>>> print(open('upload_30.txt').read())   # compact mmCIF, C-alpha atoms
# COMPACT_ATOMS: atom_id res chain seq x y z
CA MET A 1 -6.88 -32.57 -18.79
CA ASP A 2 -7.70 -29.15 -20.14
CA LYS A 3 -5.48 -28.56 -23.17
CA SER A 4 -6.53 -24.95 -23.79
CA TYR A 5 -4.41 -21.97 -22.80
CA ASP A 6 -5.54 -19.81 -19.90
CA ARG A 7 -7.66 -17.19 -21.67
CA PRO A 8 -7.96 -14.63 -18.82
CA LEU A 9 -4.17 -14.63 -18.42
CA THR A 10 -3.65 -14.16 -22.17
CA ILE A 11 -6.15 -11.30 -22.40
CA THR A 12 -4.79 -9.60 -19.28
CA THR A 13 -1.24 -9.69 -20.64
CA LEU A 14 -2.25 -8.29 -24.03
CA VAL A 15 -4.27 -5.51 -22.39
CA LEU A 16 -1.30 -4.50 -20.23
CA VAL A 17 0.98 -4.48 -23.28
CA ALA A 18 -1.53 -2.27 -25.13
CA ILE A 19 -1.74 0.08 -22.15
CA GLY A 20 2.04 0.22 -22.32
CA TRP A 21 1.92 1.38 -25.95
CA ILE A 22 -0.50 4.18 -25.07
CA MET A 23 1.39 5.37 -22.01
CA VAL A 24 4.86 5.11 -23.57
CA TYR A 25 3.71 7.31 -26.44
CA SER A 26 1.87 9.74 -24.17
CA SER A 27 4.81 10.09 -21.77
CA SER A 28 7.58 10.32 -24.39
CA ALA A 29 6.19 11.93 -27.57
CA ILE A 30 7.04 15.57 -26.85
CA THR A 31 10.43 14.78 -25.34
CA ALA A 32 11.30 12.49 -28.25
CA ASP A 33 10.23 15.11 -30.77
CA LEU A 34 12.35 17.82 -29.20
CA THR A 35 15.35 15.55 -28.58
CA TYR A 36 15.32 13.23 -31.62
CA GLN A 37 12.97 15.08 -34.02
CA ASP A 38 10.75 12.01 -34.00
CA GLY A 39 7.83 11.97 -31.57
CA PHE A 40 7.15 8.31 -32.33
CA LYS A 41 10.73 7.15 -31.59
CA PHE A 42 10.03 5.37 -28.32
CA LEU A 43 6.63 4.09 -29.41
CA LYS A 44 8.11 2.53 -32.55
CA ARG A 45 10.81 0.83 -30.51
CA GLN A 46 8.26 -0.36 -27.95
CA LEU A 47 6.14 -1.81 -30.76
CA LEU A 48 9.22 -3.60 -32.09
CA PHE A 49 10.05 -4.96 -28.63
CA SER A 50 6.43 -6.07 -28.27
CA PHE A 51 6.53 -7.89 -31.59
CA VAL A 52 9.70 -9.75 -30.62
CA GLY A 53 8.28 -10.43 -27.16
CA LEU A 54 4.98 -11.76 -28.53
CA VAL A 55 6.88 -14.05 -30.92
CA ALA A 56 8.91 -15.28 -27.92
CA MET A 57 5.67 -15.76 -25.97
CA MET A 58 4.05 -17.81 -28.75
CA ALA A 59 7.19 -19.91 -29.10
CA ALA A 60 7.33 -20.55 -25.34
CA MET A 61 3.64 -21.49 -25.38
CA ARG A 62 4.48 -24.38 -27.69
CA ILE A 63 7.57 -25.63 -25.85
CA PRO A 64 6.65 -28.25 -23.22
CA TYR A 65 7.46 -26.57 -19.93
CA ARG A 66 9.38 -29.63 -18.67
CA TRP A 67 12.04 -28.76 -21.25
CA TRP A 68 13.01 -25.80 -19.06
CA GLN A 69 13.66 -28.23 -16.21
CA LYS A 70 16.26 -30.01 -18.35
CA CYS A 71 17.86 -26.70 -19.31
CA ALA A 72 17.94 -25.16 -15.83
CA TYR A 73 21.73 -25.40 -15.40
CA PRO A 74 22.69 -24.34 -18.96
CA LEU A 75 20.34 -21.34 -18.74
CA LEU A 76 21.71 -20.38 -15.34
CA GLY A 77 25.28 -20.73 -16.60
CA ALA A 78 24.56 -18.60 -19.66
CA SER A 79 23.01 -15.89 -17.48
CA LEU A 80 26.00 -15.82 -15.15
CA VAL A 81 28.38 -15.60 -18.12
CA LEU A 82 26.44 -12.62 -19.52
CA LEU A 83 26.50 -10.94 -16.11
CA VAL A 84 30.29 -11.37 -16.04
CA VAL A 85 30.74 -10.15 -19.64
CA VAL A 86 28.80 -6.95 -18.95
CA LEU A 87 31.36 -6.07 -16.26
CA ILE A 88 34.36 -6.33 -18.62
CA PRO A 89 34.77 -3.08 -20.60
CA GLY A 90 37.72 -4.41 -22.58
CA LEU A 91 35.53 -6.77 -24.61
CA GLY A 92 33.90 -3.84 -26.37
CA VAL A 93 30.30 -5.03 -25.95
CA SER A 94 29.57 -3.58 -22.54
CA HIS A 95 27.58 -0.34 -22.58
CA GLN A 96 27.97 2.13 -19.72
CA VAL A 97 25.56 4.89 -18.68
CA GLY A 98 26.90 7.11 -15.90
CA VAL A 99 28.49 4.86 -13.30
CA ALA A 100 26.36 1.87 -14.27
CA ARG A 101 27.54 -0.89 -16.59
CA ARG A 102 24.39 -2.98 -17.05
CA TRP A 103 23.91 -3.41 -20.79
CA LEU A 104 25.40 -5.40 -23.64
CA ALA A 105 25.42 -3.52 -26.93
CA ILE A 106 24.65 -5.92 -29.76
CA PRO A 107 23.61 -4.98 -33.33
CA TRP A 108 20.26 -3.17 -33.36
CA PHE A 109 19.64 -3.89 -29.70
CA THR A 110 20.91 -3.20 -26.19
CA MET A 111 20.43 -6.14 -23.85
CA GLN A 112 20.24 -6.07 -20.05
CA PRO A 113 21.43 -9.47 -18.76
CA SER A 114 19.99 -8.95 -15.27
CA GLU A 115 16.47 -8.99 -16.75
CA VAL A 116 17.10 -12.41 -18.25
CA GLY A 117 18.67 -13.43 -14.95
CA LYS A 118 15.36 -12.93 -13.15
CA LEU A 119 13.65 -15.59 -15.24
CA THR A 120 16.56 -18.02 -15.25
CA LEU A 121 16.82 -17.73 -11.46
CA ALA A 122 13.11 -18.56 -11.14
CA ILE A 123 13.61 -21.59 -13.40
CA PHE A 124 16.68 -22.76 -11.45
CA ILE A 125 15.03 -22.44 -8.04
CA SER A 126 11.91 -24.23 -9.32
CA TYR A 127 14.14 -27.04 -10.57
CA SER A 128 15.98 -27.24 -7.25
CA LEU A 129 12.75 -27.33 -5.23
CA THR A 130 11.44 -30.13 -7.46
CA LYS A 131 14.63 -32.16 -7.38
CA LYS A 132 15.27 -31.92 -3.64
CA GLY A 133 11.68 -32.03 -2.41
CA VAL A 134 11.47 -32.39 1.38
CA LYS A 135 15.28 -32.28 1.58
CA MET A 136 15.02 -28.52 1.04
CA LYS A 137 14.50 -28.39 4.80
CA GLU A 138 18.11 -29.50 5.24
CA PHE A 139 20.55 -26.61 5.55
CA THR A 140 23.60 -28.12 3.82
CA PHE A 141 21.96 -30.16 1.07
CA GLY A 142 18.85 -28.13 0.33
CA PHE A 143 19.07 -24.52 1.43
CA LEU A 144 22.74 -23.59 1.15
CA PRO A 145 23.47 -24.53 -2.52
CA VAL A 146 20.50 -22.52 -3.80
CA VAL A 147 21.40 -19.51 -1.68
CA LEU A 148 25.05 -19.60 -2.78
CA ILE A 149 24.17 -19.69 -6.48
CA SER A 150 21.59 -16.95 -6.03
CA GLY A 151 24.16 -14.98 -4.04
CA ILE A 152 26.64 -15.16 -6.92
CA MET A 153 24.04 -13.69 -9.28
CA VAL A 154 23.16 -10.99 -6.75
CA LEU A 155 26.85 -10.08 -6.30
CA LEU A 156 27.40 -9.75 -10.05
CA VAL A 157 24.38 -7.45 -10.30
CA VAL A 158 25.62 -5.38 -7.35
CA LEU A 159 28.95 -4.86 -9.13
CA GLU A 160 27.21 -3.27 -12.16
CA PRO A 161 26.07 -1.52 -9.82
CA ASP A 162 22.31 -2.18 -9.72
CA MET A 163 21.14 -2.31 -6.11
CA GLY A 164 17.45 -2.43 -7.01
CA THR A 165 17.70 -5.58 -9.12
CA ALA A 166 20.05 -7.16 -6.57
CA VAL A 167 17.49 -6.63 -3.80
CA PHE A 168 14.78 -7.94 -6.12
CA LEU A 169 16.72 -11.15 -6.86
CA GLY A 170 17.38 -11.71 -3.17
CA THR A 171 13.72 -11.16 -2.31
CA LEU A 172 12.57 -13.47 -5.11
CA THR A 173 14.90 -16.19 -3.81
CA MET A 174 13.52 -15.89 -0.27
CA VAL A 175 9.90 -15.96 -1.42
CA LEU A 176 10.36 -19.03 -3.62
CA LEU A 177 12.32 -20.89 -0.95
CA PHE A 178 9.58 -20.11 1.56
CA LEU A 179 6.92 -21.41 -0.83
CA GLY A 180 9.07 -24.49 -1.43
CA GLY A 181 9.02 -25.45 2.23
CA THR A 182 12.42 -24.20 3.41
CA ARG A 183 12.68 -23.83 7.17
CA LEU A 184 11.78 -20.35 8.36
CA SER A 185 14.80 -20.33 10.65
CA HIS A 186 17.07 -20.78 7.62
CA LEU A 187 15.37 -17.97 5.74
CA LEU A 188 15.68 -15.60 8.70
CA LEU A 189 19.44 -16.10 8.55
CA LEU A 190 19.61 -14.50 5.11
CA PRO A 191 18.86 -10.89 6.11
CA VAL A 192 21.15 -11.21 9.12
CA VAL A 193 24.05 -12.48 6.99
CA ALA A 194 23.36 -10.14 4.06
CA LEU A 195 22.94 -6.93 6.03
CA PRO A 196 26.64 -6.20 6.85
CA PRO A 197 27.95 -6.66 3.26
CA PHE A 198 24.92 -4.81 1.90
CA TYR A 199 25.62 -1.91 4.27
CA ALA A 200 29.27 -1.87 3.16
CA LEU A 201 28.32 -1.90 -0.52
CA VAL A 202 25.79 0.89 -0.09
CA HIS A 203 28.52 3.05 1.45
CA HIS A 204 31.01 2.01 -1.25
CA PHE A 205 28.64 3.01 -4.05
CA ASN A 206 27.71 6.52 -2.94
CA TYR A 207 24.64 6.75 -5.14
CA GLY A 208 22.97 3.95 -3.20
CA TYR A 209 23.76 5.60 0.12
CA TYR A 210 22.34 8.94 -0.99
CA ARG A 211 19.24 7.26 -2.38
CA LEU A 212 18.50 5.86 1.05
CA LEU A 213 19.00 9.28 2.65
CA ILE A 214 16.78 10.99 0.08
CA PHE A 215 14.12 8.31 0.54
CA LEU A 216 13.90 9.29 4.21
CA ASN A 217 13.61 13.00 3.39
CA PRO A 218 13.37 13.92 -0.32
CA TRP A 219 12.57 17.55 0.56
CA GLU A 220 16.12 17.96 1.87
CA ASP A 221 17.43 18.21 -1.71
CA ILE A 222 14.47 19.38 -3.78
CA GLN A 223 16.48 20.39 -6.87
CA GLY A 224 18.96 17.52 -6.62
CA ARG A 225 18.58 13.90 -5.60
CA GLY A 226 15.05 14.37 -4.31
CA PHE A 227 13.85 15.97 -7.56
CA GLN A 228 12.60 12.78 -9.24
CA ILE A 229 10.42 11.44 -6.44
CA ILE A 230 9.04 14.91 -5.68
CA GLN A 231 8.03 15.32 -9.32
CA SER A 232 6.34 11.92 -9.05
CA PHE A 233 4.36 13.23 -6.07
CA VAL A 234 3.42 16.32 -8.08
CA ALA A 235 2.17 14.15 -10.96
CA LEU A 236 0.08 11.94 -8.70
CA GLY A 237 -1.31 14.94 -6.83
CA ALA A 238 -2.21 16.78 -10.03
CA GLY A 239 -4.11 13.77 -11.36
CA GLY A 240 -6.46 13.45 -8.43
CA PHE A 241 -9.30 10.99 -8.87
CA TRP A 242 -10.12 11.46 -12.58
CA GLY A 243 -6.82 12.70 -14.03
CA VAL A 244 -6.11 15.72 -16.21
CA GLY A 245 -6.79 13.78 -19.41
CA LEU A 246 -4.78 11.39 -21.57
CA GLY A 247 -1.93 13.28 -23.22
CA ASP A 248 -2.49 16.45 -21.16
CA GLY A 249 -0.02 15.75 -18.36
CA ARG A 250 2.75 18.28 -17.72
CA GLN A 251 5.28 16.32 -15.67
CA LYS A 252 6.52 14.50 -18.78
CA LEU A 253 7.66 17.86 -20.20
CA PHE A 254 11.22 17.49 -18.90
CA PHE A 255 10.08 17.66 -15.27
CA LEU A 256 9.86 13.98 -14.29
CA PRO A 257 12.99 11.97 -15.25
CA ALA A 258 12.38 8.46 -16.64
CA ALA A 259 8.74 9.34 -17.29
CA HIS A 260 8.34 6.61 -19.91
CA THR A 261 10.37 3.95 -18.07
CA ASP A 262 10.57 3.57 -14.28
CA PHE A 263 8.01 6.30 -13.49
CA VAL A 264 5.41 5.68 -16.16
CA LEU A 265 2.87 4.92 -13.42
CA ALA A 266 3.21 8.52 -12.20
CA ILE A 267 2.15 9.70 -15.67
CA VAL A 268 -0.77 7.27 -15.55
CA GLY A 269 -1.76 8.83 -12.22
CA GLU A 270 -1.49 12.35 -13.59
CA GLU A 271 -3.37 11.78 -16.84
CA LEU A 272 -5.84 9.05 -15.85
CA GLY A 273 -6.01 9.72 -12.13
CA PHE A 274 -6.57 7.28 -9.29
CA LEU A 275 -9.02 5.37 -11.49
CA GLY A 276 -6.32 4.73 -14.08
CA ILE A 277 -3.89 3.42 -11.47
CA LEU A 278 -6.64 1.31 -9.90
CA GLY A 279 -7.38 -0.23 -13.30
CA ILE A 280 -3.73 -1.21 -13.77
CA ILE A 281 -3.60 -2.63 -10.24
CA LEU A 282 -6.67 -4.76 -10.97
CA PHE A 283 -5.14 -6.13 -14.19
CA PHE A 284 -1.94 -7.08 -12.37
CA ALA A 285 -3.95 -8.60 -9.53
CA LEU A 286 -5.82 -10.70 -12.10
CA PHE A 287 -2.49 -11.74 -13.65
CA VAL A 288 -1.04 -12.90 -10.33
CA TRP A 289 -4.31 -14.62 -9.38
CA ARG A 290 -4.32 -16.64 -12.62
CA ALA A 291 -0.66 -17.59 -12.05
CA ILE A 292 -1.52 -18.81 -8.54
CA LEU A 293 -4.48 -20.80 -9.88
CA ILE A 294 -2.27 -22.43 -12.49
CA ALA A 295 0.32 -23.27 -9.83
CA VAL A 296 -2.29 -24.75 -7.48
CA ARG A 297 -4.05 -26.79 -10.15
CA THR A 298 -0.92 -28.19 -11.77
CA GLU A 299 -0.19 -31.74 -10.61
CA ASP A 300 3.47 -31.70 -11.71
CA ALA A 301 5.74 -30.23 -9.01
CA PHE A 302 8.09 -28.41 -11.39
CA GLY A 303 5.19 -26.87 -13.29
CA SER A 304 3.60 -25.73 -10.04
CA TYR A 305 6.79 -24.17 -8.69
CA LEU A 306 7.61 -22.52 -12.01
CA ALA A 307 4.12 -21.04 -12.35
CA MET A 308 4.42 -19.64 -8.84
CA GLY A 309 7.94 -18.39 -9.61
CA ILE A 310 6.79 -16.47 -12.69
CA GLY A 311 3.81 -15.06 -10.81
CA CYS A 312 6.12 -13.89 -8.01
CA MET A 313 8.64 -12.49 -10.51
CA ILE A 314 5.99 -10.25 -12.08
CA GLY A 315 4.10 -9.50 -8.88
CA LEU A 316 7.16 -8.48 -6.85
CA GLN A 317 8.37 -6.17 -9.59
CA VAL A 318 4.95 -4.51 -9.75
CA LEU A 319 4.90 -4.00 -5.97
CA ILE A 320 8.42 -2.55 -5.95
CA ASN A 321 7.82 -0.22 -8.90
CA MET A 322 4.55 1.07 -7.43
CA GLY A 323 6.19 1.43 -4.02
CA VAL A 324 8.93 3.59 -5.53
CA VAL A 325 6.51 5.79 -7.49
CA VAL A 326 4.42 6.59 -4.40
CA GLY A 327 7.48 7.05 -2.16
CA LEU A 328 7.12 3.93 -0.01
CA LEU A 329 10.46 2.52 -1.23
CA PRO A 330 13.78 4.08 -2.29
CA THR A 331 14.25 4.64 -6.00
CA LYS A 332 15.42 1.33 -7.47
CA GLY A 333 15.26 1.57 -11.26
CA LEU A 334 12.83 -1.32 -11.80
CA THR A 335 10.32 -1.05 -14.62
CA LEU A 336 6.58 -1.70 -14.43
CA PRO A 337 6.16 -5.03 -16.29
CA PHE A 338 4.57 -4.81 -19.77
CA VAL A 339 3.81 -1.08 -19.34
CA SER A 340 7.18 0.67 -19.00
CA TYR A 341 9.43 1.27 -21.99
CA GLY A 342 12.23 -1.27 -22.19
CA GLY A 343 13.29 -4.03 -24.56
CA THR A 344 14.89 -6.79 -22.51
CA SER A 345 12.33 -6.48 -19.72
CA LEU A 346 9.33 -6.65 -22.05
CA ILE A 347 10.68 -9.53 -24.15
CA THR A 348 11.71 -11.57 -21.09
CA ASN A 349 8.40 -11.02 -19.31
CA LEU A 350 6.39 -12.00 -22.40
CA ALA A 351 8.52 -15.14 -22.81
CA ALA A 352 7.78 -15.94 -19.15
CA VAL A 353 4.06 -15.54 -19.84
CA GLY A 354 4.42 -18.01 -22.70
CA ILE A 355 5.92 -20.56 -20.29
CA LEU A 356 3.08 -19.91 -17.85
CA LEU A 357 0.51 -20.41 -20.59
CA ASN A 358 2.09 -23.73 -21.57
CA ILE A 359 1.85 -24.87 -17.95
CA SER A 360 -1.81 -23.83 -17.97
CA THR A 361 -2.60 -26.45 -20.63
CA GLU A 362 -1.99 -29.21 -18.08
CA VAL A 363 -4.06 -27.94 -15.17
CA ARG A 364 -6.74 -30.15 -13.64
CA ARG A 365 -10.31 -28.96 -13.41
CA ARG A 366 -11.78 -28.40 -9.94
>>> encode(input="upload_30.txt", output="structure tokens")
Amino acid sequence: MDKSYDRPLTITTLVLVAIGWIMVYSSSAITADLTYQDGFKFLKRQLLFSFVGLVAMMAAMRIPYRWWQKCAYPLLGASLVLLVVVLIPGLGVSHQVGVARRWLAIPWFTMQPSEVGKLTLAIFISYSLTKKGVKMKEFTFGFLPVVLISGIMVLLVVLEPDMGTAVFLGTLTMVLLFLGGTRLSHLLLLPVVALPPFYALVHHFNYGYYRLLIFLNPWEDIQGRGFQIIQSFVALGAGGFWGVGLGDGRQKLFFLPAAHTDFVLAIVGEELGFLGILGIILFFALFVWRAILIAVRTEDAFGSYLAMGIGCMIGLQVLINMGVVVGLLPTKGLTLPFVSYGGTSLITNLAAVGILLNISTEVRRR
């Protein structure tokens, strides 16, 4: 047994976090200075989130990963309770921005329960795949219970409303069930069954409906709903191959909304060019590759499934965020892991890396 932590994975994660510091400051400094009279506001908060996240990562590195198997149901239950609490304005802890009610306001921090839900869902599905084994091929005993529990979490997220995260959770469930050996015929039922209620919900929440329309033709409403993605195109086009130079981008000057959060990759493309984006893609590719290696080399079934679940959780979010920034997917509000500004996302992802690193200590050499 190799008892050392996976060094390439550790270095890759720390490099991505450091890139996040640079790009959060570059994309937010001027806006923060004009709005809050403190150009370092978002950087200081990102550094604080990183410190908490790195502490969580180091703690998770030292917790035997099988402990998460024992806590799968309590963690899932806690996540579902938080997702319910965030929908109840009368409790006084739910924080609303626009039409969305996705955050819990606690002292010194605003928490987004759906971010924690991503990790707890990966843990729960990994536990279910381990416990049921080949019986996952059975519809009633294996497939249906996992899908129902995942569906409850997806529904609670939809009610916030947060269509992007809901789609992400559904996709993550399908990918992990596929990797766990679920029958393809069962998996193909999910889109068929989910499409009618999803269509109804998209029409009920008008913002989701208009996002789909704008995705098909953003130039139809250049100054309105299509403004954000068009400004992302402008940033990427201005950057070209080499970029305009770190800190010299213009789209962050109140042109591109969410420049330091969901669309930070567009600022990377503008300031560091195609080469900068390619570098970030390579780091994420290395991250996912190491997660797959850990999953393949781990003899314990739960450890293998959980490593793959964490790798998929990060990898899918990267693909979706990049797809949104370049206009291949509708705007979904998902951050770029480790790089975008955001507390709950960064802390949860770093804790997940800690779990992955603990699993890596029990891989077998090949």
>>> residues_near_point(input="upload_30.txt", point="(9.4, 0.7, -19.5)", cutoff="9 Å", atoms="only C-alpha atoms", output="list of chain:residue names")
A:Gly20, A:Val24, A:Gln46, A:Ala258, A:Ala259, A:His260, A:Thr261, A:Asp262, A:Phe263, A:Val264, A:Leu334, A:Thr335, A:Leu336, A:Pro337, A:Phe338, A:Val339, A:Ser340, A:Tyr341, A:Gly342, A:Gly343, A:Ser345, A:Leu346
>>> write_last_selection(input="upload_30.txt", atoms="C-alpha atoms", output="PDB file, keeping the file's coordinate frame")
ATOM      1  CA  GLY A  20       2.040   0.220 -22.320  1.00  0.00           C
ATOM      2  CA  VAL A  24       4.860   5.110 -23.570  1.00  0.00           C
ATOM      3  CA  GLN A  46       8.260  -0.360 -27.950  1.00  0.00           C
ATOM      4  CA  ALA A 258      12.380   8.460 -16.640  1.00  0.00           C
ATOM      5  CA  ALA A 259       8.740   9.340 -17.290  1.00  0.00           C
ATOM      6  CA  HIS A 260       8.340   6.610 -19.910  1.00  0.00           C
ATOM      7  CA  THR A 261      10.370   3.950 -18.070  1.00  0.00           C
ATOM      8  CA  ASP A 262      10.570   3.570 -14.280  1.00  0.00           C
ATOM      9  CA  PHE A 263       8.010   6.300 -13.490  1.00  0.00           C
ATOM     10  CA  VAL A 264       5.410   5.680 -16.160  1.00  0.00           C
ATOM     11  CA  LEU A 334      12.830  -1.320 -11.800  1.00  0.00           C
ATOM     12  CA  THR A 335      10.320  -1.050 -14.620  1.00  0.00           C
ATOM     13  CA  LEU A 336       6.580  -1.700 -14.430  1.00  0.00           C
ATOM     14  CA  PRO A 337       6.160  -5.030 -16.290  1.00  0.00           C
ATOM     15  CA  PHE A 338       4.570  -4.810 -19.770  1.00  0.00           C
ATOM     16  CA  VAL A 339       3.810  -1.080 -19.340  1.00  0.00           C
ATOM     17  CA  SER A 340       7.180   0.670 -19.000  1.00  0.00           C
ATOM     18  CA  TYR A 341       9.430   1.270 -21.990  1.00  0.00           C
ATOM     19  CA  GLY A 342      12.230  -1.270 -22.190  1.00  0.00           C
ATOM     20  CA  GLY A 343      13.290  -4.030 -24.560  1.00  0.00           C
ATOM     21  CA  SER A 345      12.330  -6.480 -19.720  1.00  0.00           C
ATOM     22  CA  LEU A 346       9.330  -6.650 -22.050  1.00  0.00           C
TER      23      LEU A 346
END
>>> closest_atom_pairs(input="upload_30.txt", of="region 318-356 of chain A", to="region 275-292 of chain A", cutoff="10 Å", atoms="all atoms listed in the file", output="CSV")
residue,atom,partner,partner_atom,distance
A:Val318,CA,A:Phe284,CA,7.8
A:Leu319,CA,A:Ile281,CA,9.6
A:Met322,CA,A:Ile281,CA,9.4
A:Pro337,CA,A:Phe284,CA,9.2
A:Val339,CA,A:Ile280,CA,9.4
A:Val353,CA,A:Ala291,CA,9.3
A:Leu356,CA,A:Ala291,CA,7.3
>>> write_last_selection(input="upload_30.txt", atoms="C-alpha atoms", output="mmCIF file, in the coordinates of the input")
data_model
loop_
_atom_site.group_PDB
_atom_site.id
_atom_site.type_symbol
_atom_site.label_atom_id
_atom_site.label_comp_id
_atom_site.auth_asym_id
_atom_site.auth_seq_id
_atom_site.Cartn_x
_atom_site.Cartn_y
_atom_site.Cartn_z
ATOM 1 C CA VAL A 318 4.950 -4.510 -9.750
ATOM 2 C CA LEU A 319 4.900 -4.000 -5.970
ATOM 3 C CA MET A 322 4.550 1.070 -7.430
ATOM 4 C CA PRO A 337 6.160 -5.030 -16.290
ATOM 5 C CA VAL A 339 3.810 -1.080 -19.340
ATOM 6 C CA VAL A 353 4.060 -15.540 -19.840
ATOM 7 C CA LEU A 356 3.080 -19.910 -17.850
#
>>> closest_residue(input="upload_30.txt", among="A:Phe40, A:Trp68, A:Tyr199, A:Phe233", to="Gly303 (chain A)", atoms="all atoms listed in the file")
A:Trp68
>>> closest_residue(input="upload_30.txt", among="A:Pro330, A:Asp6, A:Gln37, A:Ala238", to="Leu212 (chain A)", atoms="only C-alpha atoms")
A:Pro330
>>> residues_around(input="upload_30.txt", residues="Ile229 (chain A)", least_positions_apart="5", cutoff="10 Å", atoms="only C-alpha atoms", output="list in words")
Ile214, Phe215, Pro218, Trp219, Ile222, Val234, Ala235, Leu256, Pro257, Phe263, Ala266, Val324, Val325, Val326, Gly327, Pro330 and Thr331 of chain A
>>> write_last_selection(input="upload_30.txt", atoms="C-alpha atoms", output="PDB file, in the frame of the given file")
ATOM      1  CA  ILE A 214      16.780  10.990   0.080  1.00  0.00           C
ATOM      2  CA  PHE A 215      14.120   8.310   0.540  1.00  0.00           C
ATOM      3  CA  PRO A 218      13.370  13.920  -0.320  1.00  0.00           C
ATOM      4  CA  TRP A 219      12.570  17.550   0.560  1.00  0.00           C
ATOM      5  CA  ILE A 222      14.470  19.380  -3.780  1.00  0.00           C
ATOM      6  CA  VAL A 234       3.420  16.320  -8.080  1.00  0.00           C
ATOM      7  CA  ALA A 235       2.170  14.150 -10.960  1.00  0.00           C
ATOM      8  CA  LEU A 256       9.860  13.980 -14.290  1.00  0.00           C
ATOM      9  CA  PRO A 257      12.990  11.970 -15.250  1.00  0.00           C
ATOM     10  CA  PHE A 263       8.010   6.300 -13.490  1.00  0.00           C
ATOM     11  CA  ALA A 266       3.210   8.520 -12.200  1.00  0.00           C
ATOM     12  CA  VAL A 324       8.930   3.590  -5.530  1.00  0.00           C
ATOM     13  CA  VAL A 325       6.510   5.790  -7.490  1.00  0.00           C
ATOM     14  CA  VAL A 326       4.420   6.590  -4.400  1.00  0.00           C
ATOM     15  CA  GLY A 327       7.480   7.050  -2.160  1.00  0.00           C
ATOM     16  CA  PRO A 330      13.780   4.080  -2.290  1.00  0.00           C
ATOM     17  CA  THR A 331      14.250   4.640  -6.000  1.00  0.00           C
TER      18      THR A 331
END
>>> closest_residue(input="upload_30.txt", among="A:Met111, A:Ala352, A:Gln228, A:Tyr305", to="Phe49 (chain A)", atoms="all atoms listed in the file")
A:Met111
>>> atom_distance(input="upload_30.txt", atom1="CA of Ala56 (chain A)", atom2="CA of Gly311 (chain A)")
17.9 Å
>>> atom_distance(input="upload_30.txt", atom1="CA of Tyr127 (chain A)", atom2="CA of Pro145 (chain A)")
12.6 Å
>>> closest_residue(input="upload_30.txt", among="A:Leu119, A:Val296, A:Ala200, A:Ile88", to="Gly309 (chain A)", atoms="only C-alpha atoms")
A:Leu119
>>> residues_around(input="upload_30.txt", residues="Arg62 (chain A)", least_positions_apart="5", cutoff="9 Å", atoms="only C-alpha atoms", output="ChimeraX atom specification")
/A:57,354-355,358
>>> atom_distance(input="upload_30.txt", atom1="CA of Gln231 (chain A)", atom2="CA of Gly247 (chain A)")
17.2 Å
>>> closest_residue(input="upload_30.txt", among="A:Ser304, A:Ser150, A:Gln251, A:Thr298", to="Ile30 (chain A)", atoms="only C-alpha atoms")
A:Gln251
>>> residues_near_point(input="upload_30.txt", point="(26.0, -6.9, -14.8)", cutoff="6 Å", atoms="all atoms listed in the file", output="number ranges by chain")
A: 83, 86-87, 102, 156-157, 160
>>> closest_residue(input="upload_30.txt", among="A:Arg66, A:Arg211, A:Lys132, A:Arg250", to="Ser27 (chain A)", atoms="only C-alpha atoms")
A:Arg250
